[in-house]
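See below for my_file07.csv, which holds CSV, C-alpha atoms.
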```
chain,number,residue,atom,x,y,z
A,1,MET,CA,0.0,0.0,0.0
A,2,SER,CA,1.1,3.5,-0.7
A,3,LYS,CA,-0.2,7.0,0.0
A,4,ILE,CA,2.6,8.7,-1.9
A,5,PRO,CA,1.1,10.3,-5.1
A,6,GLU,CA,2.5,9.2,-8.5
A,7,ARG,CA,3.9,12.5,-9.5
A,8,GLY,CA,7.0,14.7,-8.9
A,9,LEU,CA,10.7,14.4,-9.2
A,10,VAL,CA,12.5,11.1,-9.9
A,11,ILE,CA,16.3,10.8,-10.1
A,12,GLN,CA,17.8,8.0,-12.3
A,13,ALA,CA,21.1,6.4,-13.1
A,14,GLY,CA,21.9,3.4,-15.2
A,15,ALA,CA,24.4,1.3,-17.2
A,16,GLY,CA,24.3,-1.1,-20.1
A,17,LEU,CA,25.7,-2.2,-23.5
A,18,ALA,CA,25.7,-0.4,-26.9
A,19,ALA,CA,26.0,-1.5,-30.5
A,20,VAL,CA,26.3,0.5,-33.7
A,21,LYS,CA,24.9,0.4,-37.2
A,22,SER,CA,27.1,2.3,-39.6
A,23,ASP,CA,29.0,2.1,-42.9
A,24,ILE,CA,31.6,-0.1,-41.2
A,25,CYS,CA,29.1,-2.4,-39.5
A,26,GLY,CA,25.4,-3.2,-40.0
A,27,SER,CA,25.0,-6.4,-37.9
A,28,TYR,CA,25.7,-7.8,-34.5
A,29,GLY,CA,28.6,-10.0,-35.7
A,30,CYS,CA,31.0,-7.1,-36.6
A,31,ASN,CA,30.2,-5.0,-33.5
A,32,ASP,CA,32.6,-4.5,-30.6
A,33,ILE,CA,30.0,-4.2,-28.0
A,34,GLY,CA,30.8,-1.2,-25.8
A,35,PRO,CA,29.7,0.2,-22.4
A,36,ALA,CA,26.9,2.8,-21.9
A,37,MET,CA,26.2,4.7,-18.7
A,38,GLY,CA,24.0,7.7,-17.9
A,39,ILE,CA,22.3,9.9,-15.4
A,40,GLY,CA,19.2,12.0,-15.5
A,41,ALA,CA,15.9,13.0,-13.9
A,42,GLN,CA,12.2,12.7,-14.6
A,43,PHE,CA,9.3,14.9,-13.6
A,44,LYS,CA,6.1,12.8,-13.4
A,45,PHE,CA,3.0,14.8,-14.2
A,46,ASN,CA,0.7,11.9,-13.3
A,47,ALA,CA,0.4,8.1,-13.3
A,48,TYR,CA,0.8,8.0,-17.1
A,49,MET,CA,3.2,10.7,-18.2
A,50,ALA,CA,6.6,12.1,-17.3
A,51,LEU,CA,9.2,14.3,-18.9
A,52,SER,CA,12.8,13.1,-18.7
A,53,GLY,CA,16.2,14.8,-19.2
A,54,GLU,CA,19.2,12.5,-19.7
A,55,VAL,CA,22.9,12.6,-20.2
A,56,GLU,CA,24.5,9.4,-21.5
A,57,TYR,CA,28.0,8.3,-22.3
A,58,VAL,CA,28.4,5.5,-25.0
A,59,LYS,CA,31.5,3.9,-26.5
A,60,LEU,CA,30.9,2.4,-29.9
A,61,GLY,CA,33.2,0.2,-32.0
A,62,ALA,CA,33.2,-2.2,-34.9
A,63,THR,CA,35.3,-4.0,-37.5
A,64,GLU,CA,34.5,-4.1,-41.2
A,65,LYS,CA,35.9,-7.4,-42.6
A,66,THR,CA,34.5,-7.1,-46.1
A,67,LEU,CA,36.3,-4.0,-47.2
A,68,LYS,CA,39.8,-4.2,-48.7
A,69,ASP,CA,41.4,-2.2,-45.9
A,70,ASN,CA,39.7,-4.1,-43.0
A,71,ILE,CA,38.7,-0.9,-41.1
A,72,THR,CA,38.2,-0.8,-37.4
A,73,PHE,CA,36.8,2.2,-35.5
A,74,GLU,CA,36.2,3.4,-32.0
A,75,SER,CA,33.9,6.3,-31.1
A,76,GLU,CA,33.1,8.0,-27.8
A,77,VAL,CA,29.7,9.6,-27.7
A,78,ILE,CA,28.0,11.9,-25.2
A,79,GLU,CA,24.3,12.2,-25.7
A,80,VAL,CA,22.1,14.9,-24.1
A,81,SER,CA,18.3,14.4,-24.7
A,82,THR,CA,14.8,15.3,-23.5
A,83,LEU,CA,12.2,12.5,-23.7
A,84,LEU,CA,8.5,12.0,-23.1
A,85,VAL,CA,7.8,8.9,-21.0
A,86,LEU,CA,4.4,7.2,-21.4
A,87,ASN,CA,3.2,4.4,-19.2
A,88,LEU,CA,1.1,1.8,-21.0
A,89,MET,CA,-0.8,0.9,-17.8
A,90,ASP,CA,-2.0,3.0,-14.9
A,91,SER,CA,0.6,3.0,-12.2
A,92,TYR,CA,-2.2,2.3,-9.7
A,93,ALA,CA,-3.8,-1.1,-9.5
A,94,GLY,CA,-7.4,-2.0,-8.8
A,95,SER,CA,-10.5,0.1,-9.1
A,96,ASN,CA,-11.0,3.7,-8.3
A,97,ASN,CA,-12.1,2.8,-4.8
A,98,TYR,CA,-8.6,2.0,-3.6
A,99,ARG,CA,-6.3,3.0,-6.5
A,100,SER,CA,-4.7,5.8,-4.4
A,101,THR,CA,-3.1,3.3,-2.0
A,102,ARG,CA,-2.1,0.4,-4.2
A,103,LYS,CA,0.4,0.5,-7.0
A,104,ARG,CA,1.4,-2.0,-9.7
A,105,PHE,CA,4.7,-3.9,-9.3
A,106,ILE,CA,5.4,-3.9,-13.1
A,107,VAL,CA,4.5,-1.1,-15.5
A,108,PRO,CA,5.5,-1.2,-19.2
A,109,PHE,CA,6.4,2.1,-20.8
A,110,VAL,CA,7.5,3.7,-24.1
A,111,LYS,CA,9.7,6.8,-24.5
A,112,GLY,CA,10.9,9.0,-27.2
A,113,GLY,CA,12.4,12.5,-27.7
A,114,ILE,CA,15.1,14.7,-29.2
A,115,GLY,CA,18.6,15.7,-28.4
A,116,PHE,CA,22.2,16.0,-29.6
A,117,VAL,CA,25.4,13.9,-29.6
A,118,TYR,CA,28.9,15.1,-29.1
A,119,TYR,CA,31.2,12.5,-30.6
A,120,THR,CA,34.9,11.8,-31.3
A,121,PRO,CA,35.7,8.8,-33.6
A,122,SER,CA,39.0,7.3,-34.8
A,123,SER,CA,39.6,4.6,-37.4
A,124,TYR,CA,42.6,2.4,-38.2
A,125,PRO,CA,43.6,-0.7,-40.1
A,126,THR,CA,42.4,-3.9,-38.4
A,127,ASN,CA,45.6,-5.7,-39.1
A,128,ARG,CA,47.9,-2.9,-38.0
A,129,ALA,CA,51.0,-4.1,-36.1
A,130,GLU,CA,50.8,-4.5,-32.3
A,131,ASN,CA,51.6,-1.3,-30.4
A,132,SER,CA,51.2,0.7,-33.7
A,133,GLN,CA,49.6,4.1,-33.5
A,134,GLU,CA,48.7,4.1,-37.2
A,135,THR,CA,45.3,5.7,-37.9
A,136,TYR,CA,43.3,6.9,-40.9
A,137,ASP,CA,42.9,10.6,-41.5
A,138,ARG,CA,40.0,12.3,-40.0
A,139,MET,CA,37.2,12.8,-42.5
A,140,ARG,CA,36.0,16.0,-40.7
A,141,PRO,CA,37.0,18.1,-37.7
A,142,TYR,CA,36.3,16.3,-34.4
A,143,PRO,CA,34.8,16.5,-31.8
A,144,ALA,CA,31.6,17.1,-33.7
A,145,ILE,CA,27.9,17.6,-32.8
A,146,ALA,CA,24.9,16.0,-34.5
A,147,GLY,CA,21.2,15.7,-33.8
A,148,VAL,CA,19.7,12.5,-32.4
A,149,LEU,CA,16.2,11.0,-32.1
A,150,PRO,CA,16.1,8.4,-29.3
A,151,PHE,CA,13.1,6.1,-28.8
A,152,GLY,CA,12.4,2.8,-27.1
A,153,ALA,CA,10.5,0.9,-24.4
A,154,GLY,CA,11.0,-0.9,-21.1
A,155,LEU,CA,9.5,-2.2,-17.9
A,156,ARG,CA,9.5,-0.5,-14.5
A,157,PHE,CA,9.7,-2.7,-11.4
A,158,ARG,CA,8.5,-0.9,-8.3
A,159,PHE,CA,10.0,-2.1,-5.0
A,160,SER,CA,9.0,0.8,-2.8
A,161,ASP,CA,7.8,4.3,-2.9
A,162,GLN,CA,11.4,5.4,-3.3
A,163,TRP,CA,13.1,2.7,-5.4
A,164,SER,CA,12.3,1.2,-8.8
A,165,VAL,CA,14.4,-0.6,-11.4
A,166,ALA,CA,13.7,-0.2,-15.1
A,167,PRO,CA,15.4,-2.3,-17.8
A,168,GLU,CA,14.9,-0.7,-21.3
A,169,VAL,CA,16.0,-0.9,-24.9
A,170,MET,CA,16.6,2.3,-26.8
A,171,TYR,CA,17.4,3.0,-30.5
A,172,HIS,CA,19.2,6.3,-31.5
A,173,ILE,CA,18.9,7.7,-35.0
A,174,THR,CA,21.5,10.4,-35.6
A,175,THR,CA,21.9,13.0,-38.3
A,176,THR,CA,25.5,12.2,-39.0
A,177,ASP,CA,27.3,9.6,-41.1
A,178,TYR,CA,30.6,10.0,-39.3
A,179,LEU,CA,30.2,8.2,-36.0
A,180,ASP,CA,32.7,5.7,-37.5
A,181,ASN,CA,34.9,8.3,-39.2
A,182,ILE,CA,33.7,6.9,-42.5
A,183,GLY,CA,31.5,8.8,-45.0
A,184,PRO,CA,31.3,9.3,-48.8
A,185,PRO,CA,33.0,8.4,-51.0
A,186,VAL,CA,34.5,5.5,-48.8
A,187,GLY,CA,31.1,4.7,-47.2
A,188,PHE,CA,27.6,4.6,-48.4
A,189,GLU,CA,25.8,7.8,-49.6
A,190,HIS,CA,22.5,9.0,-48.2
A,191,THR,CA,22.9,6.9,-45.0
A,192,LYS,CA,23.2,7.9,-41.3
A,193,ASP,CA,24.8,6.2,-38.4
A,194,HIS,CA,22.5,4.7,-35.7
A,195,TYR,CA,23.2,2.9,-32.4
A,196,GLY,CA,21.2,0.9,-29.9
A,197,VAL,CA,21.5,0.7,-26.1
A,198,ALA,CA,20.2,-2.0,-23.7
A,199,SER,CA,20.5,-0.8,-20.1
A,200,VAL,CA,19.1,-1.1,-16.6
A,201,LYS,CA,18.2,2.0,-14.7
A,202,VAL,CA,17.7,2.6,-11.0
A,203,LEU,CA,15.1,5.2,-10.2
A,204,TYR,CA,15.0,7.1,-6.9
A,205,THR,CA,12.0,9.2,-5.8
A,206,PRO,CA,12.7,11.6,-2.9
A,207,ILE,CA,10.0,11.6,-0.3
A,208,ILE,CA,9.4,15.1,0.9
A,209,LYS,CA,7.7,15.2,4.3
A,210,ASN,CA,5.5,18.2,4.9
A,211,GLU,CA,5.3,19.1,8.5
A,212,VAL,CA,2.6,21.5,9.6
A,213,PHE,CA,3.3,23.6,12.6
A,214,THR,CA,0.5,25.2,14.5
A,215,ARG,CA,1.0,28.2,16.7
A,216,LYS,CA,-2.4,27.9,18.3
A,217,ASN,CA,-2.2,28.8,22.0
A,218,GLN,CA,1.5,29.5,21.5
A,219,GLY,CA,3.4,32.6,22.1
A,220,ILE,CA,6.7,33.9,20.7
A,221,GLY,CA,9.4,31.1,20.7
A,222,GLY,CA,6.8,28.3,20.6
A,223,TYR,CA,6.0,28.3,24.3
A,224,LYS,CA,2.4,28.2,25.5
A,225,LYS,CA,1.1,31.2,27.1
A,226,LYS,CA,0.6,31.1,30.8
A,227,LYS,CA,-3.0,31.6,32.0
```
Take the structure I supplied and represent it as structure tokens, if you would.
Amino acid sequence: MSKIPERGLVIQAGAGLAAVKSDICGSYGCNDIGPAMGIGAQFKFNAYMALSGEVEYVKLGATEKTLKDNITFESEVIEVSTLLVLNLMDSYAGSNNYRSTRKRFIVPFVKGGIGFVYYTPSSYPTNRAENSQETYDRMRPYPAIAGVLPFGAGLRFRFSDQWSVAPEVMYHITTTDYLDNIGPPVGFEHTKDHYGVASVKVLYTPIIKNEVFTRKNQGIGGYKKKK
């Protein structure tokens, strides 16, 4: 049972794994799966809707084994985004007679929004000698900034009024073709680089206690007046 309303501030942090889809790699097999971690906050308007602001660090990498040069790349990406979070079920369970004191353990949700990525890639021959620092020329000045459209879905598991855990899968469509430092004419024209992230987030809801002080029959300093 809970008397805490399903609205207000939620702080979140999470970690997971990331994979890329680019000119160098378009499948799971050529990906060098990298780490992803992020922090953020939500403001829940009600039991169905919240607005989320998130900052996420992602490391991407892959090896292209079909091209003559056998290109490998690594890219560090920082994403800043704003997303709308929609619960697919009411956070409260049961009928309206007791919905204010009983919440669901599992709530599925979808989310999507807009943001930008700040990225720095490098590429080099896959078969370069050990300890070699050989790299390919940068195809544009880095670090660089591009737009991103993140969207996805997940499940929120509520363990208490304060703590929840939410595994989610997100797909990020960017406006750049250079997350892998490969673009035309080496790569494919009219394509953009995307990446996906599977992560688990921990959500913390601060409980603010409202204490009401009355000064009825009290004088200055909080002492009762003597009769």
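Separating CA of Ala198 in chain A from CA of Pro167 in chain A is a distance of 7.6 Å.
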>> as a PyMOL selection string, please: the residues near range 73-81 of chain A (cut-off 7 Å, all atoms listed in the file, same-chain neighbours under 6 positions excluded).
In response: chain A and resi 53-63+113-124+179-180
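With distances restricted to all atoms listed in the file, A:Ala13 is the closest residue to Lys201 in chain A from A:Met170, A:Ala13, A:Val148, A:Ala47.
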Would you list the residues near (9.7, 2.2, -24.7) (no more than 12 Å away, in the coordinates of the file, using all atoms listed in the file) as a CSV table (one decimal) with C-alpha atoms, in the coordinates of the input?
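Ended up saving to selection30.csv:
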```
chain,number,residue,atom,x,y,z
A,83,LEU,CA,12.2,12.5,-23.7
A,84,LEU,CA,8.5,12.0,-23.1
A,85,VAL,CA,7.8,8.9,-21.0
A,86,LEU,CA,4.4,7.2,-21.4
A,87,ASN,CA,3.2,4.4,-19.2
A,88,LEU,CA,1.1,1.8,-21.0
A,107,VAL,CA,4.5,-1.1,-15.5
A,108,PRO,CA,5.5,-1.2,-19.2
A,109,PHE,CA,6.4,2.1,-20.8
A,110,VAL,CA,7.5,3.7,-24.1
A,111,LYS,CA,9.7,6.8,-24.5
A,112,GLY,CA,10.9,9.0,-27.2
A,113,GLY,CA,12.4,12.5,-27.7
A,150,PRO,CA,16.1,8.4,-29.3
A,151,PHE,CA,13.1,6.1,-28.8
A,152,GLY,CA,12.4,2.8,-27.1
A,153,ALA,CA,10.5,0.9,-24.4
A,154,GLY,CA,11.0,-0.9,-21.1
A,155,LEU,CA,9.5,-2.2,-17.9
A,156,ARG,CA,9.5,-0.5,-14.5
A,166,ALA,CA,13.7,-0.2,-15.1
A,167,PRO,CA,15.4,-2.3,-17.8
A,168,GLU,CA,14.9,-0.7,-21.3
A,169,VAL,CA,16.0,-0.9,-24.9
A,170,MET,CA,16.6,2.3,-26.8
A,171,TYR,CA,17.4,3.0,-30.5
A,197,VAL,CA,21.5,0.7,-26.1
A,198,ALA,CA,20.2,-2.0,-23.7
```
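In this comparison, which uses all atoms listed in the file, the residue of A:Ser199, A:Gln42, A:Thr176, A:Thr82 approaching Glu6 in chain A most closely is A:Gln42.
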> For Ile71 in chain A, which of A:Arg104, A:Cys25, A:Phe43, A:Ala50 is the closest residue, counting all atoms listed in the file?
Replying inline: A:Cys25
>> Could you check the closest approach to Asp161 in chain A for each of A:Ile106, A:Ile207, A:Ile173, A:Leu149 and tell me which residue wins, using all atoms listed in the file?
In response: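 Answer, going by the shortest atom-to-atom distance: A:Ile207.
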